[in-house]
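**Student:** The structure's right below; bear with me while I get my questions together.
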Amino acid sequence: MGKRSTASTAFGIVDLALAVLYSFLVLWVIPSRSSTFTVVALAASSVLAGGGIGMIVQNRIGLVVAAVAASAMVAATFALILLLVASAAYLHGIYDGIGQAGAALAILAALLAIEVVGLVPALQLVHLWRRRREGR
Amino acid sequence: MRARGAALAGAVLGLSASLYLGVYCWCHLTPHPILDPAAADTALRWLRAPLDGVSAGPLSLAEFGAASELPLPGPLWASLYLRGQLVVRHRADASTVGEALAEARRALQASPVLARLDAEDRQAARLRLDLLTARGPVVTGVPLALANSFASGRDGVGITVAGQVAYLLPDDLIRNDLLAAAQPVAFIAELRSGLDVGAAEQALATQLGCAAVDVRGAHRHLFRFRVQSFVDSPDHARALPVDRARVPVAAVDRASVRTALERAADYAVRQLRWDGSFEYMYQPFSHQHTSDEYSLPRHAGTTWLLSLAYRVLGHARYREAATSAIDYLATHAVPSECQITPFACVGSNDDADLGSAALTSVAIVEYQLATGDQRFRGLAERLGCFLLFMQKPNGDFCHGFAPSSGLRNCAGQVLYYSGEAALALARLHQILPDPTLTAAAERALDYLTGPNYDYFLGQFFIGEDHWTCIAAEAAFPFVNKDAYARFCYAFARLNRRVQVEPDGGPLADLAGAFGITPFFLPHNTPAGSRTEANVATYRLSVLRGEPQPDILETVRRSLRYLVDQQFRPEGMYLFARPDQALGGIGQTPLHPAVRIDYIEHTASAMARGIDLVPESFAPNWNVARQHSR
């Protein structure tokens, strides 16, 4: 699988840090009354942590796990954005409009979703793709 | 690669747009009014006939016209309210308006409750007519989404359980305080929005005669619905449209604002107790007063209103009430430790504060200017000394004072206090021509409009600075600075940006209020306080020779809103004692509890802005359109 990469290790550490951060946020800072939300958020944190460990270990299985985890997080970002779109449409339908603040919050939430959930996994996928290409 | 990227972006955008459209069409309601005002008049008069002991024949098609044959998309409800209590309700599930009305009238006629009402009760009873105009699905699987699936005050909640349908009308949700009751964020107890789903389920179960658990089991059959609603006028001569349990006011003129001010001031007079203090809170649904956590600044502010009302309307009862309320402050609220010092404070021996002293000063100045009575001048002078003592070198103020130790507490800052003190210093000058006071007022205004916002985020927002702008206008005779005007114009512009527009979509009936989203209905007190500030800012602009028409328009829109929100004789059918609630203004359009400061701010805005309202006002909006929603 080639030599160890410092960048991969850095991605792994960032993944682990984000996984800890998400868990901390979900469990202590913004606890939800909905257990579904908590379970999904913790599952995403676990996936991220799994990918992080894979990036640090950097063996074949580890990198595959990391690629799958990053892909899952990117897919989750798309799903999150679609959920935001559906929620905005629902509130628009119910309230005949969502107001300036509602529109601003929806856009902000979508941007945050991309930045917080999707950005690192997307960069990680690009890194893994380049590493694989260079390894050939 | 580029083509693939463009295709992916297109697919994502297309999917998002389709999803948005699909969800919107699935849940959006398009209600159409069923009865026009004339048909509603006829329908209510005809329904009321058994109540008035008038013999009425079958519904006359000639009188009712084609409305009788109109198809109904859902039930029709006839509800009779007596002093806020629902005494009779009949739901008619007929296919046409005529059939439903006939069924409802038969039910009213046969009602044993109706038979027991005496003549006085029958006269006091108000009949309400609701016709379902549309119904639609809601998301039931996500608690937060479900709680926020009902437009506040407009939507009713319905459910189908084992073939039976139960409905909670918008009025039922308001009366039982089920709206703005859910807590969307677990750790912010103060943030409440949406339906109290558990309580609504319980009410639906009661209606169906089953257990709440059965209703919970049929959760996915919950739905929302809209109604077209009318209530008969207090003299029972007309049908009045109802929106969010309120009979809306489409437009105001100077006479209607004057009437509203008189009603509000009379409400304040009715809250005055034997010792000169006020009944602090009033719950119109239950006719209950509470006075926990009595606030002296709010007492003083309400006293100021009474003097303002006396100056504008000239009724002796306001002068008497103001005298009594200031007397209360002088005899009960100036602690013994502050009676032997050169300055007077307001509070207790352990804790006195800046805001109470400032607003007491403002109330006394207004009282003396309105009545010519100088009996409280000495107290005002000593309060002025206190304000000077509390001022810091930078122009700001210490907000707390412990009379027992004589020490100022400059650590904590209370919202509003510095602005109130600036206003007090500026107003005191009107009865105590002392250059020390004017210099202090100028220093305070310099601080509030300058260094107070001298930090990074301060460049992006303005807080609740209505007192500052009222003070800037009051100070104009002795200090006129561009900085004050610029600050207050910016505050007014900010207000304008968040003011609900007449064509403001779902909130159009609340045009003139200040709010930014339909999820949280606007509060009425800020509408009052910001209007007080906007009135002052507009007057300041006129005094400076640069009148701001936008601010004037903001003021006029707000005054319409405030008159609309006031408890007027034509509404109040949900209240236990309409005669006691008359003139009050609730916390929000759906939460009618009245605290004295709600009246203070909203009625002060009316008193100060009345001459900015044209004698005859033709607004460019029409809220009548909204009644059928």
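In the structure tokens, chains take the letters A, B, ... in the order shown, each chain's residues start at 1, and ligands count up from 1 in the order shown.
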Using only C-alpha atoms and a distance of at most 12 Å, pull out the residues of chain A that contact chain B, as a PyMOL selection string.
**Tutor:** chain A and resi 26-37+75+78-105
**Student:** Restricted to C-alpha atoms, what would the selected residues look like written as a PDB file, in the first residue's frame?
**Tutor:**
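Printed below is selection36.pdb as written:
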```
ATOM      1  CA  VAL A  26     -24.668  15.641  20.885  1.00  0.00           C
ATOM      2  CA  LEU A  27     -24.388  14.138  24.343  1.00  0.00           C
ATOM      3  CA  TRP A  28     -23.612  17.180  26.474  1.00  0.00           C
ATOM      4  CA  VAL A  29     -23.867  20.535  24.730  1.00  0.00           C
ATOM      5  CA  ILE A  30     -27.029  20.167  22.626  1.00  0.00           C
ATOM      6  CA  PRO A  31     -28.712  16.998  23.900  1.00  0.00           C
ATOM      7  CA  SER A  32     -31.822  16.113  21.899  1.00  0.00           C
ATOM      8  CA  ARG A  33     -35.024  14.687  23.292  1.00  0.00           C
ATOM      9  CA  SER A  34     -35.174  12.540  20.144  1.00  0.00           C
ATOM     10  CA  SER A  35     -33.229   9.329  20.674  1.00  0.00           C
ATOM     11  CA  THR A  36     -33.223   8.787  16.888  1.00  0.00           C
ATOM     12  CA  PHE A  37     -31.240  11.974  16.399  1.00  0.00           C
ATOM     13  CA  ALA A  75     -23.466  10.997   1.258  1.00  0.00           C
ATOM     14  CA  PHE A  78     -26.171  15.333   0.713  1.00  0.00           C
ATOM     15  CA  ALA A  79     -28.910  13.605   2.721  1.00  0.00           C
ATOM     16  CA  LEU A  80     -28.724  16.357   5.335  1.00  0.00           C
ATOM     17  CA  ILE A  81     -29.072  19.043   2.687  1.00  0.00           C
ATOM     18  CA  LEU A  82     -32.046  17.244   1.156  1.00  0.00           C
ATOM     19  CA  LEU A  83     -33.617  17.008   4.609  1.00  0.00           C
ATOM     20  CA  LEU A  84     -33.082  20.738   5.055  1.00  0.00           C
ATOM     21  CA  VAL A  85     -34.703  21.374   1.669  1.00  0.00           C
ATOM     22  CA  ALA A  86     -37.657  19.181   2.628  1.00  0.00           C
ATOM     23  CA  SER A  87     -37.962  20.887   6.030  1.00  0.00           C
ATOM     24  CA  ALA A  88     -37.897  24.355   4.476  1.00  0.00           C
ATOM     25  CA  ALA A  89     -40.543  23.283   1.941  1.00  0.00           C
ATOM     26  CA  TYR A  90     -42.667  21.799   4.727  1.00  0.00           C
ATOM     27  CA  LEU A  91     -42.498  24.922   6.878  1.00  0.00           C
ATOM     28  CA  HIS A  92     -43.184  27.056   3.799  1.00  0.00           C
ATOM     29  CA  GLY A  93     -46.265  24.950   3.117  1.00  0.00           C
ATOM     30  CA  ILE A  94     -47.483  25.071   6.713  1.00  0.00           C
ATOM     31  CA  TYR A  95     -46.835  28.735   7.429  1.00  0.00           C
ATOM     32  CA  ASP A  96     -47.305  30.108   3.885  1.00  0.00           C
ATOM     33  CA  GLY A  97     -43.734  31.351   4.063  1.00  0.00           C
ATOM     34  CA  ILE A  98     -40.743  31.066   6.300  1.00  0.00           C
ATOM     35  CA  GLY A  99     -39.779  34.722   6.577  1.00  0.00           C
ATOM     36  CA  GLN A 100     -36.378  36.333   6.142  1.00  0.00           C
ATOM     37  CA  ALA A 101     -35.003  34.776   9.299  1.00  0.00           C
ATOM     38  CA  GLY A 102     -36.266  31.330   8.306  1.00  0.00           C
ATOM     39  CA  ALA A 103     -34.691  31.572   4.845  1.00  0.00           C
ATOM     40  CA  ALA A 104     -31.423  32.872   6.291  1.00  0.00           C
ATOM     41  CA  LEU A 105     -31.312  30.096   8.875  1.00  0.00           C
TER      42      LEU A 105
END
```
**Student:** Would you list the contacts of Gly512 of chain B as a ChimeraX atom specification, taking every protein, DNA or RNA residue within 10 Å and counting only C-alpha atoms, but skipping same-chain residues closer than 2 positions in sequence?
**Tutor:** /B:496,498-502,504,507-510,514-515,527,531,553-562,564
**Student:** Give me, as a tab-separated table, the closest atom pair and its distance (Å, one decimal) for every residue of segment 542-579 of chain B within a cut-off of 8 Å of segment 74-84 of chain B, counting only C-alpha atoms, rows sorted by chain and rising number.
**Tutor:**
```
residue	atom	partner	partner_atom	distance
B:Met572	CA	B:Gly84	CA	7.9
B:Tyr573	CA	B:Gly84	CA	5.7
B:Leu574	CA	B:Gly84	CA	4.0
B:Phe575	CA	B:Gly84	CA	4.2
B:Ala576	CA	B:Arg83	CA	4.4
B:Arg577	CA	B:Arg83	CA	6.0
B:Pro578	CA	B:Arg83	CA	7.3
```
**Student:** Between atom CA of Gly301 of chain B and atom CA of Gly571 of chain B, what distance in Å does the model show, to one decimal?
**Tutor:**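 About the pair atom CA of Gly301 of chain B and atom CA of Gly571 of chain B: they are 27.3 Å apart.
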**Student:** What lies within 7 Å of segment 268-285 of chain B using only C-alpha atoms, ignoring chain neighbours under 5 positions off, as a ChimeraX atom specification?
**Tutor:** /B:84,290-291,294,318,321,324-325,327-328,574-577,581,592-596
**Student:** Store the residues picked out above in a file with C-alpha atoms, as a PDB file, in the first residue's frame.
**Tutor:**
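To be explicit, this is the file written out as selection-v1.pdb:
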```pdb
ATOM      1  CA  GLY B  84     -65.558  33.199  28.023  1.00  0.00           C
ATOM      2  CA  THR B 290     -51.467  38.223  40.196  1.00  0.00           C
ATOM      3  CA  SER B 291     -48.871  40.590  41.610  1.00  0.00           C
ATOM      4  CA  TYR B 294     -43.858  43.537  41.460  1.00  0.00           C
ATOM      5  CA  TYR B 318     -56.228  59.936  35.025  1.00  0.00           C
ATOM      6  CA  ALA B 321     -54.872  57.884  39.431  1.00  0.00           C
ATOM      7  CA  SER B 324     -52.252  58.115  43.809  1.00  0.00           C
ATOM      8  CA  ALA B 325     -49.603  56.072  41.941  1.00  0.00           C
ATOM      9  CA  ASP B 327     -47.927  58.919  46.138  1.00  0.00           C
ATOM     10  CA  TYR B 328     -47.372  55.185  46.415  1.00  0.00           C
ATOM     11  CA  LEU B 574     -63.238  34.218  24.980  1.00  0.00           C
ATOM     12  CA  PHE B 575     -62.785  36.372  28.077  1.00  0.00           C
ATOM     13  CA  ALA B 576     -64.446  35.777  31.435  1.00  0.00           C
ATOM     14  CA  ARG B 577     -65.039  39.475  32.155  1.00  0.00           C
ATOM     15  CA  ALA B 581     -60.345  43.238  30.105  1.00  0.00           C
ATOM     16  CA  PRO B 592     -53.729  37.605  26.252  1.00  0.00           C
ATOM     17  CA  ALA B 593     -52.195  37.902  29.743  1.00  0.00           C
ATOM     18  CA  VAL B 594     -51.691  41.618  30.461  1.00  0.00           C
ATOM     19  CA  ARG B 595     -48.865  43.014  32.578  1.00  0.00           C
ATOM     20  CA  ILE B 596     -48.923  46.696  33.480  1.00  0.00           C
TER      21      ILE B 596
END
```
**Student:** According to DSSP computed on the backbone, where in segment 351-470 of chain B is there strand (DSSP E or B)? Give the residues as a PDB file with C-alpha atoms, in the first residue's frame.
**Tutor:**
```
ATOM      1  CA  ALA B 352     -32.444  50.325  45.180  1.00  0.00           C
ATOM      2  CA  ASP B 353     -31.941  50.693  41.477  1.00  0.00           C
ATOM      3  CA  GLN B 391     -23.417  58.532  36.844  1.00  0.00           C
ATOM      4  CA  PHE B 397     -24.394  54.780  35.093  1.00  0.00           C
ATOM      5  CA  GLY B 400     -27.534  49.279  41.632  1.00  0.00           C
ATOM      6  CA  PHE B 401     -27.378  50.995  44.989  1.00  0.00           C
ATOM      7  CA  ALA B 402     -27.488  49.653  48.542  1.00  0.00           C
ATOM      8  CA  LEU B 407     -22.514  52.037  48.192  1.00  0.00           C
ATOM      9  CA  ARG B 408     -23.129  51.980  44.468  1.00  0.00           C
ATOM     10  CA  ASN B 409     -23.077  48.643  42.669  1.00  0.00           C
TER      11      ASN B 409
END
```
**Student:** In Å to one decimal, how far is atom CA of Ser307 of chain B from atom CA of Ala333 of chain B?
**Tutor:**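 Spanning atom CA of Ala333 of chain B to atom CA of Ser307 of chain B is a straight-line distance of 19.2 Å.
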**Student:** Mind checking which residues fall within 10 Å of Leu125 of chain A, counting only C-alpha atoms, ignoring those fewer than 4 positions away in the same chain, and posting them as a count of residues only?
**Tutor:** 13
**Student:** Could you please determine the separation between atom CA of Arg175 of chain B and atom CA of Ala239 of chain B in Å, to one decimal place?
**Tutor:**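 We find that atom CA of Arg175 of chain B and atom CA of Ala239 of chain B lie 21.1 Å from each other.
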**Student:** Might you pull out every residue within 10 Å of segment 20-22 of chain A, with only C-alpha atoms counted and same-chain residues fewer than 2 positions away left off, and present them as a ChimeraX atom specification?
**Tutor:** /A:14-18,24-29,41-42,44-46,48-49,116-117
**Student:** Could you write those residues out with C-alpha atoms, as an mmCIF file, in the first residue's frame?
**Tutor:**
```cif
data_model
loop_
_atom_site.group_PDB
_atom_site.id
_atom_site.type_symbol
_atom_site.label_atom_id
_atom_site.label_comp_id
_atom_site.auth_asym_id
_atom_site.auth_seq_id
_atom_site.Cartn_x
_atom_site.Cartn_y
_atom_site.Cartn_z
ATOM 1 C CA VAL A 14 -8.733 15.396 12.445
ATOM 2 C CA ASP A 15 -11.337 12.622 11.907
ATOM 3 C CA LEU A 16 -10.897 11.378 15.449
ATOM 4 C CA ALA A 17 -11.037 14.890 16.872
ATOM 5 C CA LEU A 18 -14.235 15.621 14.940
ATOM 6 C CA PHE A 24 -19.528 15.735 22.965
ATOM 7 C CA LEU A 25 -21.879 18.189 21.256
ATOM 8 C CA VAL A 26 -24.668 15.641 20.885
ATOM 9 C CA LEU A 27 -24.388 14.138 24.343
ATOM 10 C CA TRP A 28 -23.612 17.180 26.474
ATOM 11 C CA VAL A 29 -23.867 20.535 24.730
ATOM 12 C CA ALA A 41 -25.345 11.412 15.293
ATOM 13 C CA LEU A 42 -23.391 8.892 17.366
ATOM 14 C CA ALA A 44 -21.933 9.183 12.209
ATOM 15 C CA SER A 45 -19.307 9.899 14.872
ATOM 16 C CA SER A 46 -18.419 6.195 14.988
ATOM 17 C CA LEU A 48 -15.855 9.079 11.293
ATOM 18 C CA ALA A 49 -13.766 7.584 14.102
ATOM 19 C CA VAL A 116 -18.928 20.875 9.340
ATOM 20 C CA VAL A 117 -20.018 17.457 8.084
#
```
**Student:** With a distance cut-off of 10 Å and only C-alpha atoms, select the neighbouring residues of Leu35 of chain B, excluding the residue or stretch itself and same-chain residues fewer than 6 positions from it, and output the selection as a PyMOL selection string.
**Tutor:** chain B and resi 41+43+67-68+70+97+131+228-230+628
**Student:** Please produce a file of those selected residues containing C-alpha atoms, as a PDB file, in the first residue's frame.
**Tutor:**
```pdb
ATOM      1  CA  ASP B  41     -74.727  38.258   8.774  1.00  0.00           C
ATOM      2  CA  ALA B  43     -76.476  32.988   8.848  1.00  0.00           C
ATOM      3  CA  ALA B  67     -74.992  30.620  -0.223  1.00  0.00           C
ATOM      4  CA  SER B  68     -77.472  28.056   1.045  1.00  0.00           C
ATOM      5  CA  LEU B  70     -72.838  26.089  -1.401  1.00  0.00           C
ATOM      6  CA  VAL B  97     -74.182  25.369   4.018  1.00  0.00           C
ATOM      7  CA  LEU B 131     -66.685  26.654   8.521  1.00  0.00           C
ATOM      8  CA  GLN B 228     -63.520  30.715   8.060  1.00  0.00           C
ATOM      9  CA  SER B 229     -64.806  32.233  11.273  1.00  0.00           C
ATOM     10  CA  PHE B 230     -67.318  34.824  12.364  1.00  0.00           C
ATOM     11  CA  SER B 628     -60.878  33.918   5.349  1.00  0.00           C
TER      12      SER B 628
END
```
